[in-house]
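Enquirer: Structure: input_18.txt, compact mmCIF, C-alpha atoms.
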```
# COMPACT_ATOMS: atom_id res chain seq x y z
CA MET A 1 0.00 0.00 0.00
CA ALA A 2 2.85 2.40 0.73
CA ILE A 3 4.14 4.52 -2.11
CA SER A 4 7.69 5.67 -2.58
CA SER A 5 8.70 8.32 -0.06
CA THR A 6 10.56 10.17 -2.83
CA LEU A 7 7.18 11.46 -3.99
CA PHE A 8 7.02 13.48 -0.80
CA MET A 9 10.45 15.07 -1.10
CA ASN A 10 9.08 17.85 -3.35
CA ALA A 11 5.69 18.01 -1.69
CA GLN A 12 4.54 20.71 0.63
CA HIS A 13 5.71 19.08 3.84
CA ASN A 14 7.94 20.70 6.43
CA ILE A 15 9.63 17.92 8.40
CA PRO A 16 12.42 18.24 10.99
CA LYS A 17 15.49 16.22 9.95
CA SER A 18 15.41 14.20 13.19
CA ILE A 19 12.11 12.52 12.21
CA GLU A 20 12.27 12.84 8.44
CA LYS A 21 12.70 9.11 7.77
CA GLU A 22 9.72 8.17 9.96
CA ALA A 23 7.47 10.99 8.73
CA LEU A 24 8.18 10.16 5.07
CA LYS A 25 7.48 6.48 5.71
CA ALA A 26 4.15 7.30 7.38
CA LEU A 27 3.26 9.76 4.59
CA SER A 28 4.00 7.07 2.00
CA PHE A 29 0.83 5.28 3.15
CA TYR A 30 -1.24 8.40 2.43
CA PRO A 31 -0.91 9.29 -1.28
CA GLU A 32 -4.03 11.46 -0.86
CA LEU A 33 -1.98 13.83 1.33
CA THR A 34 0.82 14.40 -1.22
CA LYS A 35 -0.37 17.90 -2.12
CA ASN A 36 -1.52 18.94 1.35
CA LYS A 37 0.60 21.40 3.28
CA ILE A 38 1.64 19.59 6.45
CA GLU A 39 4.16 20.90 8.94
CA PHE A 40 5.65 18.67 11.63
CA ARG A 41 6.64 20.77 14.61
CA PHE A 42 8.16 19.95 17.99
CA ARG A 43 6.64 21.40 21.17
CA LYS A 44 8.03 21.38 24.70
CA ASN A 45 4.92 19.69 26.05
CA ILE A 46 1.49 18.67 24.79
CA LYS A 47 -1.08 18.04 27.51
CA LYS A 48 -2.27 14.42 27.80
CA SER A 49 -0.71 13.55 24.46
CA THR A 50 2.49 12.74 22.60
CA MET A 51 1.28 14.12 19.26
CA GLN A 52 -1.57 16.24 17.97
CA ALA A 53 -2.74 16.99 14.41
CA ARG A 54 -4.91 19.94 13.48
CA PRO A 55 -5.55 22.48 10.76
CA THR A 56 -3.88 25.83 11.28
CA PHE A 57 -6.27 28.59 12.37
CA GLN A 58 -5.58 30.71 9.27
CA SER A 59 -6.32 27.85 6.92
CA LEU A 60 -9.84 27.41 8.33
CA PHE A 61 -10.75 30.40 6.16
CA LYS A 62 -9.39 28.81 2.98
CA LYS A 63 -10.90 26.22 0.69
CA ARG A 64 -10.50 22.62 1.91
CA ARG A 65 -7.87 21.81 -0.68
CA ASN A 66 -5.77 24.81 0.43
CA ARG A 67 -5.75 24.07 4.15
CA THR A 68 -2.50 23.77 6.06
CA TYR A 69 -2.14 21.17 8.80
CA VAL A 70 0.30 20.92 11.65
CA VAL A 71 1.36 17.80 13.51
CA LEU A 72 2.64 18.84 16.92
CA ILE A 73 5.09 16.43 18.51
CA SER A 74 6.06 16.61 22.15
CA GLU A 75 9.85 16.91 22.49
CA THR A 76 9.69 14.81 25.61
CA PHE A 77 7.21 12.43 27.14
CA LYS A 78 7.05 10.75 30.50
CA ILE A 79 7.00 7.05 31.06
CA SER A 80 6.36 6.64 34.77
CA ASP A 81 8.75 9.10 36.35
CA LYS A 82 11.36 8.95 33.58
CA GLU A 83 11.43 11.53 30.83
CA PHE A 84 12.31 10.45 27.30
CA THR A 85 12.89 12.39 24.10
CA THR A 86 11.06 11.54 20.90
CA LYS A 87 14.40 10.30 19.55
CA ASP A 88 14.24 7.52 22.18
CA ILE A 89 11.13 6.02 20.57
CA PRO A 90 11.87 3.09 18.22
CA SER A 91 11.48 4.06 14.55
CA ASP A 92 8.51 1.76 13.80
CA ILE A 93 6.65 3.04 16.86
CA LEU A 94 7.19 6.64 15.78
CA ILE A 95 5.92 5.75 12.28
CA GLY A 96 2.76 4.33 13.87
CA TRP A 97 2.25 7.42 16.02
CA ILE A 98 2.68 9.72 13.02
CA GLY A 99 0.43 7.47 10.91
CA HIS A 100 -2.33 7.84 13.49
CA GLU A 101 -2.01 11.65 13.34
CA LEU A 102 -2.17 11.55 9.55
CA GLY A 103 -5.42 9.60 9.99
CA HIS A 104 -6.79 12.67 11.77
CA ILE A 105 -5.76 14.84 8.80
CA MET A 106 -7.59 12.46 6.44
CA ASP A 107 -10.67 12.96 8.60
CA TYR A 108 -10.26 16.76 8.69
CA GLN A 109 -10.00 17.14 4.91
CA ASN A 110 -13.61 16.10 4.43
CA ARG A 111 -14.97 18.56 6.98
CA SER A 112 -16.28 22.06 6.37
CA LYS A 113 -14.99 25.06 8.31
CA ILE A 114 -18.00 25.02 10.63
CA ASN A 115 -17.73 21.27 11.09
CA LEU A 116 -14.03 21.57 12.03
CA ILE A 117 -14.79 24.26 14.60
CA SER A 118 -17.58 22.08 16.01
CA PHE A 119 -15.17 19.11 15.99
CA GLY A 120 -12.63 21.07 18.05
CA LEU A 121 -15.21 22.16 20.60
CA LYS A 122 -16.64 18.65 20.96
CA TYR A 123 -13.12 17.25 21.34
CA LEU A 124 -12.49 19.68 24.21
CA PHE A 125 -15.69 18.96 26.09
CA SER A 126 -16.95 15.48 25.24
CA GLU A 127 -15.16 12.28 26.22
CA ARG A 128 -17.51 10.31 23.99
CA PHE A 129 -16.46 12.46 21.04
CA ILE A 130 -12.76 11.96 21.85
CA VAL A 131 -13.33 8.21 21.61
CA GLU A 132 -15.07 8.65 18.25
CA ALA A 133 -12.31 10.92 16.87
CA GLU A 134 -9.39 8.76 18.02
CA ARG A 135 -10.97 5.56 16.79
CA ALA A 136 -11.67 7.24 13.43
CA ALA A 137 -7.98 8.20 13.10
CA ASP A 138 -6.93 4.62 13.87
CA THR A 139 -9.47 3.35 11.33
CA TYR A 140 -8.09 5.65 8.61
CA ALA A 141 -4.54 4.47 9.36
CA VAL A 142 -5.54 0.80 9.17
CA ALA A 143 -7.49 1.42 5.95
CA GLN A 144 -4.29 2.88 4.48
CA GLY A 145 -2.41 -0.34 5.28
CA MET A 146 -0.59 0.88 8.41
CA GLU A 147 -1.82 -1.88 10.73
CA LYS A 148 1.70 -3.20 11.38
CA TYR A 149 2.78 0.20 12.69
CA ILE A 150 -0.46 0.99 14.54
CA LEU A 151 -0.38 -2.42 16.25
CA GLY A 152 3.30 -1.96 17.06
CA THR A 153 2.61 1.39 18.69
CA LYS A 154 -0.32 0.00 20.72
CA ASN A 155 1.71 -3.00 21.85
CA PHE A 156 4.67 -0.79 22.72
CA ILE A 157 2.47 1.32 25.00
CA LEU A 158 0.33 -1.45 26.47
CA ASN A 159 3.19 -3.87 27.10
CA HIS A 160 5.91 -1.44 28.22
CA SER A 161 6.47 -1.97 31.94
CA ASP A 162 7.65 1.62 32.51
CA ILE A 163 4.58 3.27 31.00
CA ALA A 164 2.17 4.55 33.64
CA THR A 165 -1.06 2.61 34.07
CA SER A 166 -3.02 5.86 33.69
CA TYR A 167 -1.58 6.36 30.17
CA LYS A 168 -2.27 2.72 29.25
CA ASN A 169 -5.85 3.10 30.48
CA ARG A 170 -6.24 6.23 28.34
CA ILE A 171 -5.08 4.26 25.28
CA LYS A 172 -7.51 1.43 26.08
CA LYS A 173 -10.38 3.88 26.60
CA TYR A 174 -10.01 6.12 23.55
CA TYR A 175 -8.33 4.08 20.81
CA LEU A 176 -8.99 0.88 18.89
CA SER A 177 -7.74 -2.24 20.64
CA PRO A 178 -5.33 -4.61 18.85
CA GLU A 179 -8.24 -7.05 18.44
CA GLU A 180 -10.44 -4.40 16.81
CA ILE A 181 -7.59 -3.50 14.45
CA MET A 182 -7.29 -7.14 13.37
CA VAL A 183 -11.05 -7.24 12.67
CA LEU A 184 -10.65 -4.17 10.41
CA VAL A 185 -7.73 -5.85 8.61
CA GLU A 186 -9.84 -8.99 8.03
CA GLU A 187 -12.75 -6.90 6.73
CA ARG A 188 -10.42 -4.98 4.41
CA SER A 189 -9.02 -8.27 3.06
CA ARG A 190 -12.46 -9.51 2.00
```
Could you show the structure in this file as structure tokens?
Expert:
Amino acid sequence: MAISSTLFMNAQHNIPKSIEKEALKALSFYPELTKNKIEFRFRKNIKKSTMQARPTFQSLFKKRRNRTYVVLISETFKISDKEFTTKDIPSDILIGWIGHELGHIMDYQNRSKINLISFGLKYLFSERFIVEAERAADTYAVAQGMEKYILGTKNFILNHSDIATSYKNRIKKYYLSPEEIMVLVEERSR
């Protein structure tokens, strides 16, 4: 399913060198995003999250095809009481994390300006909506053929002894389980 990452070298993506290999690999599963402006940007800290994808505020006032998206990546994240940098994450796990965020962008492209604003407000105030949005992003990623990476990321989090139980519970609550991912893969294969 993945296409050559060289297609993305001239595309409208701004990727830090330190994650270029992983971002290009994840993007290779999303040929529909080749012409989209996507910027990958590091942040000191992102609340309750390692990464976050969203349209830029200014691009909400543009046509859908001209929107710009940003994928914010926390420079560090905590596993129990230890702090790690994004560079400490294994490459395949980082590809899965980025692939999930690109799933959000796939979802955003089909939404109107008003719908995106409504989406943002619901995401802030409704736990049920967070579940819906996160599961949709996982579903997009699996539909694009990224199940190996999405499963790897889930297993890394759920089976890592140093990751806090609260974070594991958040993953279990909001995202597709490994079993649900395998059901989607089977359905796609039919």
Enquirer: If I take atom CA of A:Thr56 and atom CA of A:Ile98, how far is one from the other in Å, to one decimal?
Expert: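 Going from atom CA of A:Thr56 over to atom CA of A:Ile98 covers 17.5 Å.
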Enquirer: Please report the interatomic distance between atom CA of A:Ala164 and atom CA of A:Lys25 in Å with one decimal.
Expert: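 A separation of 28.5 Å between them.
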Enquirer: Report, in Å to a single decimal, how far apart atom CA of A:Tyr149 and atom CA of A:Leu184 are.
Expert: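 So the answer is 14.3 Å.
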Enquirer: May I have the residues within 8 Å of A:Arg54 as a ChimeraX atom specification, using only C-alpha atoms and disregarding those fewer than 3 positions away in the same chain?
Expert: /A:69-71,104-105,108
Enquirer: Could you list, as an mmCIF file with C-alpha atoms, in the coordinates of the input, every residue within 12 Å of A:Pro90, counting all atoms listed in the file and ignoring same-chain residues fewer than 6 positions away?
Expert:
```
data_model
loop_
_atom_site.group_PDB
_atom_site.id
_atom_site.type_symbol
_atom_site.label_atom_id
_atom_site.label_comp_id
_atom_site.auth_asym_id
_atom_site.auth_seq_id
_atom_site.Cartn_x
_atom_site.Cartn_y
_atom_site.Cartn_z
ATOM 1 C CA ILE A 19 12.110 12.520 12.210
ATOM 2 C CA GLU A 22 9.720 8.170 9.960
ATOM 3 C CA PHE A 84 12.310 10.450 27.300
ATOM 4 C CA GLY A 96 2.760 4.330 13.870
ATOM 5 C CA TRP A 97 2.250 7.420 16.020
ATOM 6 C CA TYR A 149 2.780 0.200 12.690
ATOM 7 C CA GLY A 152 3.300 -1.960 17.060
ATOM 8 C CA THR A 153 2.610 1.390 18.690
ATOM 9 C CA PHE A 156 4.670 -0.790 22.720
ATOM 10 C CA ILE A 157 2.470 1.320 25.000
#
```
Enquirer: Can stretch 37-51 of chain A be brought up to N, CA and C atoms and written out as an mmCIF file, in the coordinates of the input?
Expert:
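Saved the output as rebuild07.cif:
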```
data_model
loop_
_atom_site.group_PDB
_atom_site.id
_atom_site.type_symbol
_atom_site.label_atom_id
_atom_site.label_comp_id
_atom_site.auth_asym_id
_atom_site.auth_seq_id
_atom_site.Cartn_x
_atom_site.Cartn_y
_atom_site.Cartn_z
ATOM 1 N N LYS A 37 -0.463 20.759 2.510
ATOM 2 C CA LYS A 37 0.600 21.400 3.280
ATOM 3 C C LYS A 37 0.522 20.862 4.704
ATOM 4 N N ILE A 38 1.588 20.161 5.108
ATOM 5 C CA ILE A 38 1.640 19.590 6.450
ATOM 6 C C ILE A 38 2.988 19.951 7.056
ATOM 7 N N GLU A 39 2.929 20.542 8.225
ATOM 8 C CA GLU A 39 4.160 20.900 8.940
ATOM 9 C C GLU A 39 4.238 20.054 10.209
ATOM 10 N N PHE A 40 5.380 19.432 10.408
ATOM 11 C CA PHE A 40 5.650 18.670 11.630
ATOM 12 C C PHE A 40 6.487 19.579 12.525
ATOM 13 N N ARG A 41 5.997 19.799 13.739
ATOM 14 C CA ARG A 41 6.640 20.770 14.610
ATOM 15 C C ARG A 41 6.778 20.200 16.029
ATOM 16 N N PHE A 42 7.956 20.380 16.612
ATOM 17 C CA PHE A 42 8.160 19.950 17.990
ATOM 18 C C PHE A 42 7.657 21.001 18.954
ATOM 19 N N ARG A 43 7.104 20.545 20.078
ATOM 20 C CA ARG A 43 6.640 21.400 21.170
ATOM 21 C C ARG A 43 7.270 20.888 22.460
ATOM 22 N N LYS A 44 7.473 21.781 23.396
ATOM 23 C CA LYS A 44 8.030 21.380 24.700
ATOM 24 C C LYS A 44 7.141 20.341 25.359
ATOM 25 N N ASN A 45 5.837 20.591 25.371
ATOM 26 C CA ASN A 45 4.920 19.690 26.050
ATOM 27 C C ASN A 45 3.527 19.820 25.447
ATOM 28 N N ILE A 46 2.872 18.690 25.263
ATOM 29 C CA ILE A 46 1.490 18.670 24.790
ATOM 30 C C ILE A 46 0.697 17.959 25.875
ATOM 31 N N LYS A 47 -0.296 18.615 26.411
ATOM 32 C CA LYS A 47 -1.080 18.040 27.510
ATOM 33 C C LYS A 47 -1.749 16.735 27.105
ATOM 34 N N LYS A 48 -1.601 15.720 27.937
ATOM 35 C CA LYS A 48 -2.270 14.420 27.800
ATOM 36 C C LYS A 48 -1.978 13.705 26.491
ATOM 37 N N SER A 49 -0.926 14.112 25.783
ATOM 38 C CA SER A 49 -0.710 13.550 24.460
ATOM 39 C C SER A 49 0.760 13.584 24.084
ATOM 40 N N THR A 50 1.136 12.727 23.148
ATOM 41 C CA THR A 50 2.490 12.740 22.600
ATOM 42 C C THR A 50 2.505 13.509 21.293
ATOM 43 N N MET A 51 1.407 13.408 20.541
ATOM 44 C CA MET A 51 1.280 14.120 19.260
ATOM 45 C C MET A 51 -0.145 14.624 19.100
#
```
